[in-house]
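Enquirer: I am sharing model08.pdb, which consists of PDB, C-alpha atoms and all ligand atoms:
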```pdb
ATOM      1  CA  MET A  23      61.304 102.550  58.628
ATOM      2  CA  ASN A  24      63.245 100.325  56.251
ATOM      3  CA  LYS A  25      65.718  97.747  57.492
ATOM      4  CA  LEU A  26      68.735  99.963  56.942
ATOM      5  CA  THR A  27      67.387 102.981  58.865
ATOM      6  CA  LEU A  28      66.209 100.667  61.628
ATOM      7  CA  THR A  29      69.715  99.241  61.990
ATOM      8  CA  ALA A  30      71.195 102.758  61.927
ATOM      9  CA  ALA A  31      68.746 103.875  64.604
ATOM     10  CA  LEU A  32      69.580 100.854  66.772
ATOM     11  CA  LEU A  33      73.285 101.460  66.353
ATOM     12  CA  ALA A  34      72.870 105.119  67.257
ATOM     13  CA  SER A  35      70.911 104.312  70.395
ATOM     14  CA  ALA A  36      73.439 101.639  71.399
ATOM     15  CA  ALA A  37      76.228 104.190  70.913
ATOM     16  CA  PHE A  38      74.294 106.645  73.048
ATOM     17  CA  ALA A  39      73.768 104.068  75.789
ATOM     18  CA  SER A  40      77.427 103.133  75.888
ATOM     19  CA  ALA A  41      78.450 106.811  75.857
ATOM     20  CA  ALA A  42      76.218 107.324  78.892
ATOM     21  CA  ALA A  43      77.805 104.332  80.608
ATOM     22  CA  ALA A  44      81.386 105.258  79.732
ATOM     23  CA  CYS A  45      83.345 107.403  82.122
ATOM     24  CA  GLU A  46      85.176 110.589  81.305
ATOM     25  CA  THR A  47      87.737 109.984  84.042
ATOM     26  CA  THR A  48      88.444 106.737  85.849
ATOM     27  CA  LEU A  49      90.242 107.126  89.165
ATOM     28  CA  ARG A  50      92.705 104.370  90.053
ATOM     29  CA  SER A  51      92.348 103.159  93.632
ATOM     30  CA  SER A  52      94.732 100.885  95.514
ATOM     31  CA  ASP A  53      94.035  98.263  98.173
ATOM     32  CA  THR A  54      96.246  95.553  99.613
ATOM     33  CA  HIS A  55      93.265  93.277 100.286
ATOM     34  CA  PRO A  56      91.705  90.739  97.905
ATOM     35  CA  GLU A  57      88.508  91.060  95.934
ATOM     36  CA  GLY A  58      85.428  90.822  98.156
ATOM     37  CA  TYR A  59      87.206  92.166 101.277
ATOM     38  CA  PRO A  60      85.080  94.848 103.015
ATOM     39  CA  THR A  61      87.441  97.738 102.200
ATOM     40  CA  VAL A  62      87.599  96.731  98.524
ATOM     41  CA  VAL A  63      83.822  96.418  98.231
ATOM     42  CA  ALA A  64      83.299  99.730 100.057
ATOM     43  CA  VAL A  65      85.513 101.645  97.616
ATOM     44  CA  GLU A  66      83.789  99.935  94.679
ATOM     45  CA  LYS A  67      80.486 101.101  96.160
ATOM     46  CA  MET A  68      81.903 104.600  96.570
ATOM     47  CA  GLY A  69      82.768 104.494  92.860
ATOM     48  CA  GLU A  70      79.198 103.547  91.905
ATOM     49  CA  ILE A  71      77.799 106.402  93.971
ATOM     50  CA  LEU A  72      80.303 108.786  92.412
ATOM     51  CA  LYS A  73      79.507 107.660  88.892
ATOM     52  CA  ASP A  74      75.795 108.276  89.494
ATOM     53  CA  SER A  75      76.218 111.627  91.178
ATOM     54  CA  THR A  76      78.599 112.979  88.498
ATOM     55  CA  ASP A  77      76.689 111.619  85.479
ATOM     56  CA  SER A  78      79.641 109.374  84.676
ATOM     57  CA  SER A  79      82.196 112.169  84.688
ATOM     58  CA  LEU A  80      84.066 110.310  87.480
ATOM     59  CA  CYS A  81      84.375 106.573  88.085
ATOM     60  CA  VAL A  82      86.632 104.450  90.259
ATOM     61  CA  GLU A  83      88.553 101.305  89.436
ATOM     62  CA  VAL A  84      89.837  99.403  92.465
ATOM     63  CA  PHE A  85      93.148  97.588  92.022
ATOM     64  CA  HIS A  86      92.892  95.041  94.840
ATOM     65  CA  SER A  87      95.382  92.443  96.121
ATOM     66  CA  ALA A  88      98.297  94.918  96.193
ATOM     67  CA  GLN A  89      98.373  95.021  92.378
ATOM     68  CA  LEU A  90      99.760  98.554  92.600
ATOM     69  CA  GLY A  91     102.265  97.673  95.348
ATOM     70  CA  GLN A  92     102.640  97.358  99.101
ATOM     71  CA  GLU A  93     101.043 100.061 101.235
ATOM     72  CA  LYS A  94     104.087 102.207 101.999
ATOM     73  CA  ASP A  95     105.026 102.412  98.303
ATOM     74  CA  THR A  96     101.464 103.089  97.192
ATOM     75  CA  ILE A  97     101.258 105.982  99.664
ATOM     76  CA  GLU A  98     104.263 107.598  97.974
ATOM     77  CA  GLN A  99     102.731 107.002  94.559
ATOM     78  CA  THR A 100      99.500 108.590  95.747
ATOM     79  CA  GLN A 101     101.433 111.640  96.938
ATOM     80  CA  PHE A 102     103.024 111.869  93.484
ATOM     81  CA  GLY A 103      99.640 111.536  91.762
ATOM     82  CA  VAL A 104     100.437 108.219  90.055
ATOM     83  CA  ILE A 105      97.631 106.601  92.103
ATOM     84  CA  ASP A 106      94.437 108.654  92.576
ATOM     85  CA  LEU A 107      92.805 106.965  95.567
ATOM     86  CA  ASN A 108      94.201 104.727  98.272
ATOM     87  CA  ARG A 109      92.599 102.733 101.070
ATOM     88  CA  VAL A 110      95.214 102.138 103.732
ATOM     89  CA  SER A 111      95.564 101.587 107.468
ATOM     90  CA  LEU A 112      96.572 104.690 109.437
ATOM     91  CA  GLY A 113      99.696 102.792 110.567
ATOM     92  CA  PRO A 114     101.859 103.395 107.480
ATOM     93  CA  PHE A 115     101.135 107.151 107.755
ATOM     94  CA  ASN A 116     102.474 107.364 111.320
ATOM     95  CA  ASN A 117     106.040 108.269 110.364
ATOM     96  CA  ILE A 118     104.937 111.064 108.019
ATOM     97  CA  ILE A 119     101.777 112.559 109.548
ATOM     98  CA  PRO A 120     102.086 112.928 113.354
ATOM     99  CA  GLU A 121      98.319 113.305 113.893
ATOM    100  CA  THR A 122      97.761 109.763 112.547
ATOM    101  CA  GLN A 123      99.795 108.401 115.461
ATOM    102  CA  ILE A 124      97.104 109.332 117.949
ATOM    103  CA  PRO A 125      94.344 106.900 116.845
ATOM    104  CA  SER A 126      97.191 104.390 116.332
ATOM    105  CA  LEU A 127      98.198 104.491 120.002
ATOM    106  CA  PRO A 128      97.739 101.161 121.778
ATOM    107  CA  TYR A 129      94.616 101.031 123.946
ATOM    108  CA  ILE A 130      93.641 104.645 123.118
ATOM    109  CA  PHE A 131      90.078 103.531 122.299
ATOM    110  CA  ARG A 132      87.978 101.699 124.862
ATOM    111  CA  SER A 133      85.950  99.943 122.168
ATOM    112  CA  VAL A 134      85.108 100.062 118.476
ATOM    113  CA  GLU A 135      82.051 102.184 119.399
ATOM    114  CA  HIS A 136      84.347 104.677 121.139
ATOM    115  CA  MET A 137      86.551 104.773 118.022
ATOM    116  CA  HIS A 138      83.507 105.429 115.789
ATOM    117  CA  LYS A 139      82.298 108.240 118.028
ATOM    118  CA  VAL A 140      85.722 109.923 117.984
ATOM    119  CA  MET A 141      86.514 109.449 114.300
ATOM    120  CA  ASP A 142      83.012 110.559 113.217
ATOM    121  CA  GLY A 143      83.443 113.809 115.179
ATOM    122  CA  PRO A 144      85.770 116.850 115.255
ATOM    123  CA  VAL A 145      88.854 114.826 116.255
ATOM    124  CA  GLY A 146      88.413 112.638 113.178
ATOM    125  CA  GLN A 147      87.946 115.706 110.998
ATOM    126  CA  GLN A 148      91.118 117.311 112.354
ATOM    127  CA  ILE A 149      93.057 114.142 111.515
ATOM    128  CA  LEU A 150      91.567 113.978 107.995
ATOM    129  CA  ASP A 151      92.524 117.648 107.496
ATOM    130  CA  ALA A 152      96.127 116.907 108.509
ATOM    131  CA  PHE A 153      96.648 114.927 105.273
ATOM    132  CA  ALA A 154      96.490 118.082 103.119
ATOM    133  CA  ALA A 155      99.960 119.237 104.189
ATOM    134  CA  HIS A 156     101.318 115.938 102.797
ATOM    135  CA  ASP A 157      99.923 116.065  99.239
ATOM    136  CA  LEU A 158      96.914 113.955 100.203
ATOM    137  CA  ILE A 159      93.228 114.593 100.893
ATOM    138  CA  GLY A 160      91.725 112.581 103.758
ATOM    139  CA  LEU A 161      88.219 111.487 102.704
ATOM    140  CA  ALA A 162      86.826 108.972 105.195
ATOM    141  CA  PHE A 163      87.697 106.492 107.907
ATOM    142  CA  TYR A 164      86.897 102.814 107.613
ATOM    143  CA  ASP A 165      86.956 100.062 110.236
ATOM    144  CA  GLY A 166      89.866  97.829 111.032
ATOM    145  CA  GLY A 167      88.436  96.040 114.071
ATOM    146  CA  SER A 168      90.906  95.374 116.846
ATOM    147  CA  ARG A 169      94.349  93.889 116.310
ATOM    148  CA  SER A 170      95.848  91.109 118.417
ATOM    149  CA  PHE A 171      98.996  88.970 118.338
ATOM    150  CA  TYR A 172      99.214  85.614 116.601
ATOM    151  CA  ASN A 173     102.195  83.293 116.439
ATOM    152  CA  SER A 174     103.408  79.893 115.328
ATOM    153  CA  GLU A 175     105.066  78.862 118.587
ATOM    154  CA  LYS A 176     102.813  78.748 121.644
ATOM    155  CA  PRO A 177      99.677  80.064 123.327
ATOM    156  CA  ILE A 178     100.517  83.494 124.749
ATOM    157  CA  GLN A 179      98.644  84.597 127.829
ATOM    158  CA  SER A 180     100.843  87.237 129.418
ATOM    159  CA  MET A 181     103.707  89.651 128.756
ATOM    160  CA  GLU A 182     106.069  87.014 130.169
ATOM    161  CA  ASP A 183     105.019  84.696 127.336
ATOM    162  CA  LEU A 184     105.766  87.418 124.767
ATOM    163  CA  ALA A 185     109.310  88.008 126.035
ATOM    164  CA  GLY A 186     111.953  87.695 123.338
ATOM    165  CA  MET A 187     109.541  86.646 120.579
ATOM    166  CA  LYS A 188     109.726  88.249 117.151
ATOM    167  CA  PHE A 189     106.662  89.893 115.620
ATOM    168  CA  ARG A 190     106.105  91.653 112.344
ATOM    169  CA  VAL A 191     104.535  95.111 112.621
ATOM    170  CA  MET A 192     103.392  97.621 110.018
ATOM    171  CA  GLN A 193     106.079 100.066 108.905
ATOM    172  CA  SER A 194     105.605 102.533 111.780
ATOM    173  CA  ASP A 195     108.139 103.394 114.507
ATOM    174  CA  LEU A 196     105.284 103.640 116.978
ATOM    175  CA  PHE A 197     104.440  99.957 116.501
ATOM    176  CA  VAL A 198     108.093  98.948 116.819
ATOM    177  CA  ASP A 199     108.196 100.715 120.196
ATOM    178  CA  MET A 200     104.866  99.211 121.206
ATOM    179  CA  VAL A 201     106.203  95.678 120.728
ATOM    180  CA  SER A 202     109.510  96.513 122.469
ATOM    181  CA  ALA A 203     107.607  97.939 125.456
ATOM    182  CA  LEU A 204     105.878  94.556 125.749
ATOM    183  CA  GLY A 205     109.269  92.841 125.931
ATOM    184  CA  ALA A 206     109.203  91.330 122.425
ATOM    185  CA  ASN A 207     111.109  92.205 119.228
ATOM    186  CA  ALA A 208     109.493  93.944 116.275
ATOM    187  CA  THR A 209     110.330  93.596 112.615
ATOM    188  CA  PRO A 210     108.618  96.164 110.388
ATOM    189  CA  MET A 211     107.852  94.638 106.997
ATOM    190  CA  PRO A 212     105.269  94.884 104.194
ATOM    191  CA  TYR A 213     102.093  92.865 104.668
ATOM    192  CA  GLY A 214     102.776  90.767 101.577
ATOM    193  CA  GLU A 215     105.963  89.296 103.098
ATOM    194  CA  VAL A 216     104.458  88.142 106.379
ATOM    195  CA  TYR A 217     103.134  84.711 105.333
ATOM    196  CA  SER A 218     106.459  83.394 104.058
ATOM    197  CA  SER A 219     108.361  85.037 106.922
ATOM    198  CA  ILE A 220     106.295  83.122 109.475
ATOM    199  CA  GLN A 221     106.544  79.953 107.425
ATOM    200  CA  THR A 222     110.335  80.118 107.242
ATOM    201  CA  GLY A 223     110.700  81.177 110.877
ATOM    202  CA  VAL A 224     112.132  84.633 110.126
ATOM    203  CA  ILE A 225     109.480  85.883 112.554
ATOM    204  CA  ASP A 226     107.365  84.075 115.155
ATOM    205  CA  GLY A 227     104.194  85.904 114.294
ATOM    206  CA  ALA A 228     102.421  89.153 113.599
ATOM    207  CA  GLU A 229      99.315  90.997 114.733
ATOM    208  CA  ASN A 230      96.084  91.811 112.992
ATOM    209  CA  ASN A 231      92.281  91.712 113.070
ATOM    210  CA  TRP A 232      90.135  88.629 112.327
ATOM    211  CA  PRO A 233      89.454  89.387 108.640
ATOM    212  CA  SER A 234      93.095  90.084 107.746
ATOM    213  CA  TYR A 235      94.389  87.133 109.783
ATOM    214  CA  GLU A 236      91.984  85.019 107.766
ATOM    215  CA  SER A 237      92.194  86.467 104.231
ATOM    216  CA  SER A 238      96.011  86.604 104.301
ATOM    217  CA  GLY A 239      96.104  82.921 105.283
ATOM    218  CA  HIS A 240      98.379  83.775 108.227
ATOM    219  CA  PHE A 241      96.207  81.574 110.436
ATOM    220  CA  GLU A 242      97.463  78.574 108.458
ATOM    221  CA  VAL A 243     101.050  79.169 109.599
ATOM    222  CA  ALA A 244     100.478  80.895 112.982
ATOM    223  CA  LYS A 245      97.942  78.888 114.927
ATOM    224  CA  TYR A 246      97.834  80.745 118.248
ATOM    225  CA  TYR A 247      95.759  83.932 118.428
ATOM    226  CA  THR A 248      95.821  85.935 121.676
ATOM    227  CA  LEU A 249      92.994  88.446 121.937
ATOM    228  CA  ASP A 250      94.889  91.200 123.735
ATOM    229  CA  GLN A 251      93.320  93.770 121.356
ATOM    230  CA  HIS A 252      96.198  96.230 121.685
ATOM    231  CA  LEU A 253      95.186  98.344 118.695
ATOM    232  CA  ILE A 254      91.936  99.651 117.253
ATOM    233  CA  VAL A 255      93.500 101.469 114.318
ATOM    234  CA  PRO A 256      91.048 102.989 111.860
ATOM    235  CA  GLU A 257      91.683 102.699 108.150
ATOM    236  CA  VAL A 258      91.471 105.669 105.824
ATOM    237  CA  LEU A 259      90.536 106.483 102.241
ATOM    238  CA  VAL A 260      92.732 109.212 100.789
ATOM    239  CA  MET A 261      92.981 110.963  97.442
ATOM    240  CA  SER A 262      96.081 112.336  95.798
ATOM    241  CA  LYS A 263      96.114 116.126  96.145
ATOM    242  CA  LYS A 264      97.275 116.304  92.512
ATOM    243  CA  THR A 265      94.130 114.475  91.399
ATOM    244  CA  TRP A 266      91.984 116.525  93.776
ATOM    245  CA  ASP A 267      93.312 119.803  92.335
ATOM    246  CA  SER A 268      92.414 118.637  88.819
ATOM    247  CA  LEU A 269      88.715 118.295  89.765
ATOM    248  CA  SER A 270      86.026 120.976  89.681
ATOM    249  CA  GLU A 271      84.520 122.089  92.987
ATOM    250  CA  ASP A 272      81.359 120.137  92.206
ATOM    251  CA  GLN A 273      83.371 117.021  91.515
ATOM    252  CA  GLN A 274      85.334 117.479  94.746
ATOM    253  CA  GLU A 275      82.088 117.734  96.714
ATOM    254  CA  ALA A 276      80.774 114.611  94.939
ATOM    255  CA  VAL A 277      83.956 112.707  95.897
ATOM    256  CA  ARG A 278      83.616 113.727  99.544
ATOM    257  CA  ALA A 279      79.915 112.807  99.604
ATOM    258  CA  ALA A 280      80.489 109.414  97.940
ATOM    259  CA  ALA A 281      83.291 108.613 100.398
ATOM    260  CA  ARG A 282      81.058 109.555 103.333
ATOM    261  CA  ALA A 283      78.214 107.441 101.932
ATOM    262  CA  SER A 284      80.471 104.396 101.694
ATOM    263  CA  VAL A 285      81.245 104.425 105.444
ATOM    264  CA  PRO A 286      78.002 102.815 106.729
ATOM    265  CA  VAL A 287      78.232 100.287 103.872
ATOM    266  CA  MET A 288      81.725  99.418 105.005
ATOM    267  CA  ARG A 289      80.717  99.095 108.664
ATOM    268  CA  ASP A 290      77.971  96.595 107.822
ATOM    269  CA  LEU A 291      80.275  94.562 105.611
ATOM    270  CA  TRP A 292      82.924  94.620 108.305
ATOM    271  CA  ALA A 293      80.639  93.342 111.043
ATOM    272  CA  GLU A 294      79.573  90.429 108.840
ATOM    273  CA  ARG A 295      83.087  89.615 107.722
ATOM    274  CA  GLU A 296      84.504  89.650 111.256
ATOM    275  CA  LYS A 297      82.051  86.930 112.274
ATOM    276  CA  ALA A 298      82.661  84.870 109.151
ATOM    277  CA  SER A 299      86.445  85.101 109.490
ATOM    278  CA  GLU A 300      86.344  84.155 113.154
ATOM    279  CA  ALA A 301      84.193  81.112 112.370
ATOM    280  CA  LYS A 302      86.549  79.993 109.593
ATOM    281  CA  ILE A 303      89.635  80.400 111.787
ATOM    282  CA  VAL A 304      88.119  78.567 114.744
ATOM    283  CA  ALA A 305      86.959  75.762 112.440
ATOM    284  CA  ALA A 306      90.535  75.469 111.153
ATOM    285  CA  GLY A 307      91.666  74.539 114.661
ATOM    286  CA  VAL A 308      93.403  77.769 115.676
ATOM    287  CA  GLU A 309      93.804  78.106 119.439
ATOM    288  CA  VAL A 310      92.190  81.384 120.451
ATOM    289  CA  ILE A 311      93.388  82.698 123.815
ATOM    290  CA  THR A 312      90.817  84.970 125.442
ATOM    291  CA  ASP A 313      91.700  84.608 129.099
ATOM    292  CA  ILE A 314      94.258  87.401 129.455
ATOM    293  CA  ASP A 315      94.667  90.256 131.877
ATOM    294  CA  LYS A 316      95.116  93.355 129.731
ATOM    295  CA  THR A 317      96.134  95.599 132.643
ATOM    296  CA  PRO A 318      99.914  94.932 132.424
ATOM    297  CA  PHE A 319      99.746  95.437 128.628
ATOM    298  CA  ILE A 320      98.058  98.804 129.124
ATOM    299  CA  GLU A 321     100.481  99.855 131.861
ATOM    300  CA  ALA A 322     103.459  98.954 129.672
ATOM    301  CA  MET A 323     102.336 101.567 127.146
ATOM    302  CA  VAL A 324     103.063 104.574 129.375
ATOM    303  CA  PRO A 325     106.581 105.164 127.920
ATOM    304  CA  VAL A 326     105.201 104.772 124.389
ATOM    305  CA  TYR A 327     102.673 107.542 125.017
ATOM    306  CA  GLN A 328     105.451 109.673 126.532
ATOM    307  CA  LYS A 329     107.630 109.207 123.463
ATOM    308  CA  TYR A 330     104.946 109.931 120.841
ATOM    309  CA  VAL A 331     102.504 112.353 122.453
ATOM    310  CA  THR A 332     104.896 115.275 122.465
ATOM    311  CA  THR A 333     103.360 118.442 121.002
ATOM    312  CA  ASP A 334     100.404 120.461 122.319
ATOM    313  CA  THR A 335      98.346 119.437 119.268
ATOM    314  CA  LEU A 336      98.919 115.740 119.923
ATOM    315  CA  LYS A 337      98.341 116.073 123.681
ATOM    316  CA  ASP A 338      95.082 117.885 122.992
ATOM    317  CA  LEU A 339      93.927 115.091 120.643
ATOM    318  CA  VAL A 340      94.628 112.455 123.316
ATOM    319  CA  THR A 341      92.759 114.475 125.958
ATOM    320  CA  ARG A 342      89.746 114.907 123.688
ATOM    321  CA  ILE A 343      89.689 111.214 122.772
ATOM    322  CA  GLN A 344      89.886 110.168 126.411
ATOM    323  CA  ALA A 345      87.124 112.647 127.312
ATOM    324  CA  THR A 346      84.798 111.273 124.621
ATOM    325  CA  GLU A 347      82.107 109.208 126.340
TER     326      GLU A 347
HETATM  327  C1  LIG B 401      95.195  95.214 107.705
HETATM  328  C2  LIG B 401      94.874  96.527 107.063
HETATM  329  C3  LIG B 401      95.773  96.760 105.895
HETATM  330  C4  LIG B 401      97.225  96.578 106.272
HETATM  331  C5  LIG B 401      97.459  95.303 107.038
HETATM  332  C6  LIG B 401      98.875  95.235 107.595
HETATM  333  O1  LIG B 401      94.359  95.023 108.820
HETATM  334  O2  LIG B 401      93.550  96.531 106.602
HETATM  335  O3  LIG B 401      95.522  98.042 105.372
HETATM  336  O4  LIG B 401      97.649  97.671 107.014
HETATM  337  O5  LIG B 401      96.535  95.183 108.114
HETATM  338  O6  LIG B 401      99.037  94.747 108.690
HETATM  339  O7  LIG B 401      99.799  95.660 106.901
END
```
Produce structure tokens that represent the structure in this file.
Ligand code: GTR
Expert:
Amino acid sequence: MNKLTLTAALLASAAFASAAAACETTLRSSDTHPEGYPTVVAVEKMGEILKDSTDSSLCVEVFHSAQLGQEKDTIEQTQFGVIDLNRVSLGPFNNIIPETQIPSLPYIFRSVEHMHKVMDGPVGQQILDAFAAHDLIGLAFYDGGSRSFYNSEKPIQSMEDLAGMKFRVMQSDLFVDMVSALGANATPMPYGEVYSSIQTGVIDGAENNWPSYESSGHFEVAKYYTLDQHLIVPEVLVMSKKTWDSLSEDQQEAVRAAARASVPVMRDLWAEREKASEAKIVAAGVEVITDIDKTPFIEAMVPVYQKYVTTDTLKDLVTRIQATE
């Protein structure tokens, strides 16, 4: 082989290699969290699995750190097909998809293990299926730990301490009523506005899990964290129905399988990150209040359940969750 044909052969094989690596279709995925956060890494992993299983016909690019917008807006864009995939908490779906309110009810799950058991089973499937009527395809549930209140003012130990304080909640009427039932005031606002709102005193605090409290930096401005664990809200990965309908059946099955395969990856990452975030927050001098009687908090939720668990479908979901061992 002379030098010229050798170069041509090398060029051809390089072109072949890059053609094999290139993707026919790259799906745009949104996440409010920063690079390296468990949900972001899990969707990246899902993309790798999908690329392999579809011979590079489908890939995923994750736009982290709310590059595509705050959650409520990105949900609308996903319904319109502007965004293909979206990893969001169930909270911002509450006002549009009634079934998502059920795993978002305060104290509905006894533990994270209970939540896994329920969401991995037929109740979880029924909730994923409910997305289809809203131009979305529910693919998989991820973990969001348990959420507790943090604030900039004082250590909170009881409902009496919460009285009259102002907390940010996700944009969900259910969470507004949850906070009111505890005797405090709720301000629904996008996640990205919480830090400055605490800093400027527009709100006294917010509520979230260890990793979000840490990665958002909220612990720097709200130094009291009360582990009342009022919510164990799962997170969800959804696809735009428009995008879904543009895929072949094989591709759709590959998307479902890749999403399912990313769940155990996510759970491992989550468990690690929870510990790391807790350690960082404690080291920063945050006062963590663990000595609280949750009973009055749980009892205060009775009217919230009465207001939101209204139809037979929703009542049946609650009964099945409560009956899950
Ligand atoms: C986080 C969750 C986000 C977002 C955020 C919030 O725990 O992972 O999807 O919902 O809470 O409070 O807005």
Enquirer: For the structure provided, state which residues fall under the PyMOL selection byres (((chain A and resi 127) around 10) and not hetatm), and present them as a VMD selection string.
Expert: chain A and resid 113 122 to 126 128 to 131 196 to 197 200 252 to 255 323 326 to 327 330 to 331 340
Enquirer: Considering all atoms listed in the file, state which residue in the set A:Glu83, A:Asp106, A:Glu93, A:Glu175 is at the smallest distance from ligand LIG 401 (chain B).
Expert: A:Glu93
Enquirer: Take the PyMOL selection byres (((chain A and resi 316) around 9) and not hetatm), apply it to the structure above, and return the hits as an MDAnalysis selection string.
Expert: chainID A and resid 180 250:252 314:315 317:321
Enquirer: Return as a list in words the set of residues that the PyMOL selection byres (((chain A and resi 166) around 7) and not hetatm) yields on the displayed structure.
Expert: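 With the PyMOL selection byres (((chain A and resi 166) around 7) and not hetatm) on this model, the match is Tyr164, Asp165, Gly167, Ser168, Asn231, Ile254, Val255, Pro256 and Glu257 of chain A.
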Enquirer: Can I get the selection written as a PDB file, in the frame of the given file, with C-alpha atoms?
Expert:
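Below you can see part-v2.pdb, which holds the result:
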```
ATOM      1  CA  TYR A 164      86.897 102.814 107.613  1.00  0.00           C
ATOM      2  CA  ASP A 165      86.956 100.062 110.236  1.00  0.00           C
ATOM      3  CA  GLY A 167      88.436  96.040 114.071  1.00  0.00           C
ATOM      4  CA  SER A 168      90.906  95.374 116.846  1.00  0.00           C
ATOM      5  CA  ASN A 231      92.281  91.712 113.070  1.00  0.00           C
ATOM      6  CA  ILE A 254      91.936  99.651 117.253  1.00  0.00           C
ATOM      7  CA  VAL A 255      93.500 101.469 114.318  1.00  0.00           C
ATOM      8  CA  PRO A 256      91.048 102.989 111.860  1.00  0.00           C
ATOM      9  CA  GLU A 257      91.683 102.699 108.150  1.00  0.00           C
TER      10      GLU A 257
END
```
Enquirer: Residues up to 9 Å from ligand LIG 401 (chain B), counting only C-alpha atoms and all ligand atoms: could you list those as a ChimeraX atom specification?
Expert: /A:53-55,61,92-93,109-114,165-169,190-193,211-214,216,228-235,255-258
Enquirer: Taking all atoms listed in the file into account, name the residue in A:Arg342, A:Lys188, A:Arg278, A:Lys337 that is nearest to A:Leu72.
Expert: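 Looking only at the distances to A:Leu72, the closest residue turns out to be A:Arg278.
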Enquirer: Pick out the closest residue to A:Ala345 from this set: A:His86, A:Arg50, A:Lys329, A:Arg132. Count all atoms listed in the file.
Expert: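 That would be A:Arg132, the residue with the smallest distance to A:Ala345.
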Enquirer: Quick one: what's the axis-aligned box for stretch 143-148 of chain A, all listed atoms, 8 Å on every side, centre and edges in Å to one decimal, as lines of an AutoDock Vina configuration file?
Expert:
```
center_x = 87.3
center_y = 115.0
center_z = 113.6
size_x = 23.7
size_y = 20.7
size_z = 21.3
```
Enquirer: Please identify all polymer residues within 10 Å of A:Ala293, counting only C-alpha atoms, omitting same-chain residues fewer than 3 positions from it, and present them as a list in words.
Expert: Pro60, Asp165, Gly167, Pro233, Met288, Arg289, Asp290, Glu296, Lys297 and Ala298 of chain A
Enquirer: Quick one, how far is atom CA of A:Val308 from atom CA of A:Glu242?
Expert: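 Taking atom CA of A:Val308 and atom CA of A:Glu242, their separation equals 8.3 Å.
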Enquirer: Could you tell me how far atom CA of A:Val201 sits from atom CA of A:Thr335, in Å to one decimal place?
Expert: 25.1 Å
Enquirer: Nearest to A:Glu236 among A:Ser284, A:Ser299, A:Asn116, A:Asn173, with distances taken over only C-alpha atoms: which residue is it?
Expert: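 With only C-alpha atoms as the atom set, the closest residue is A:Ser299.
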Enquirer: Can you write stretch 44-53 of chain A from the block above with N, CA, C and O atoms, as an mmCIF file, in the first residue's frame?
Expert:
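In the end it all went to out25.cif:
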```
data_model
loop_
_atom_site.group_PDB
_atom_site.id
_atom_site.type_symbol
_atom_site.label_atom_id
_atom_site.label_comp_id
_atom_site.auth_asym_id
_atom_site.auth_seq_id
_atom_site.Cartn_x
_atom_site.Cartn_y
_atom_site.Cartn_z
ATOM 1 N N ALA A 44 -21.652 8.588 15.945
ATOM 2 C CA ALA A 44 -22.610 9.680 15.846
ATOM 3 C C ALA A 44 -24.029 9.149 16.023
ATOM 4 O O ALA A 44 -24.299 7.982 15.774
ATOM 5 N N CYS A 45 -24.900 10.035 16.438
ATOM 6 C CA CYS A 45 -26.273 9.603 16.698
ATOM 7 C C CYS A 45 -27.208 10.118 15.626
ATOM 8 O O CYS A 45 -27.050 11.241 15.178
ATOM 9 N N GLU A 46 -28.157 9.273 15.245
ATOM 10 C CA GLU A 46 -29.151 9.751 14.276
ATOM 11 C C GLU A 46 -30.030 10.808 14.920
ATOM 12 O O GLU A 46 -30.277 11.858 14.359
ATOM 13 N N THR A 47 -30.508 10.506 16.129
ATOM 14 C CA THR A 47 -31.394 11.445 16.830
ATOM 15 C C THR A 47 -30.904 11.639 18.249
ATOM 16 O O THR A 47 -30.675 10.663 18.959
ATOM 17 N N THR A 48 -30.730 12.884 18.646
ATOM 18 C CA THR A 48 -30.341 13.163 20.031
ATOM 19 C C THR A 48 -31.523 13.787 20.759
ATOM 20 O O THR A 48 -32.057 14.815 20.339
ATOM 21 N N LEU A 49 -31.957 13.119 21.816
ATOM 22 C CA LEU A 49 -33.106 13.580 22.591
ATOM 23 C C LEU A 49 -32.631 14.592 23.637
ATOM 24 O O LEU A 49 -31.661 14.339 24.340
ATOM 25 N N ARG A 50 -33.325 15.706 23.711
ATOM 26 C CA ARG A 50 -32.968 16.750 24.686
ATOM 27 C C ARG A 50 -33.700 16.490 26.000
ATOM 28 O O ARG A 50 -34.921 16.374 26.010
ATOM 29 N N SER A 51 -32.933 16.416 27.088
ATOM 30 C CA SER A 51 -33.530 16.108 28.384
ATOM 31 C C SER A 51 -33.256 17.236 29.369
ATOM 32 O O SER A 51 -32.147 17.760 29.428
ATOM 33 N N SER A 52 -34.270 17.593 30.146
ATOM 34 C CA SER A 52 -34.128 18.711 31.080
ATOM 35 C C SER A 52 -33.988 18.237 32.527
ATOM 36 O O SER A 52 -34.588 17.241 32.918
ATOM 37 N N ASP A 53 -33.199 18.969 33.291
ATOM 38 C CA ASP A 53 -33.104 18.731 34.738
ATOM 39 C C ASP A 53 -32.741 20.040 35.415
ATOM 40 O O ASP A 53 -31.888 20.779 34.926
#
```
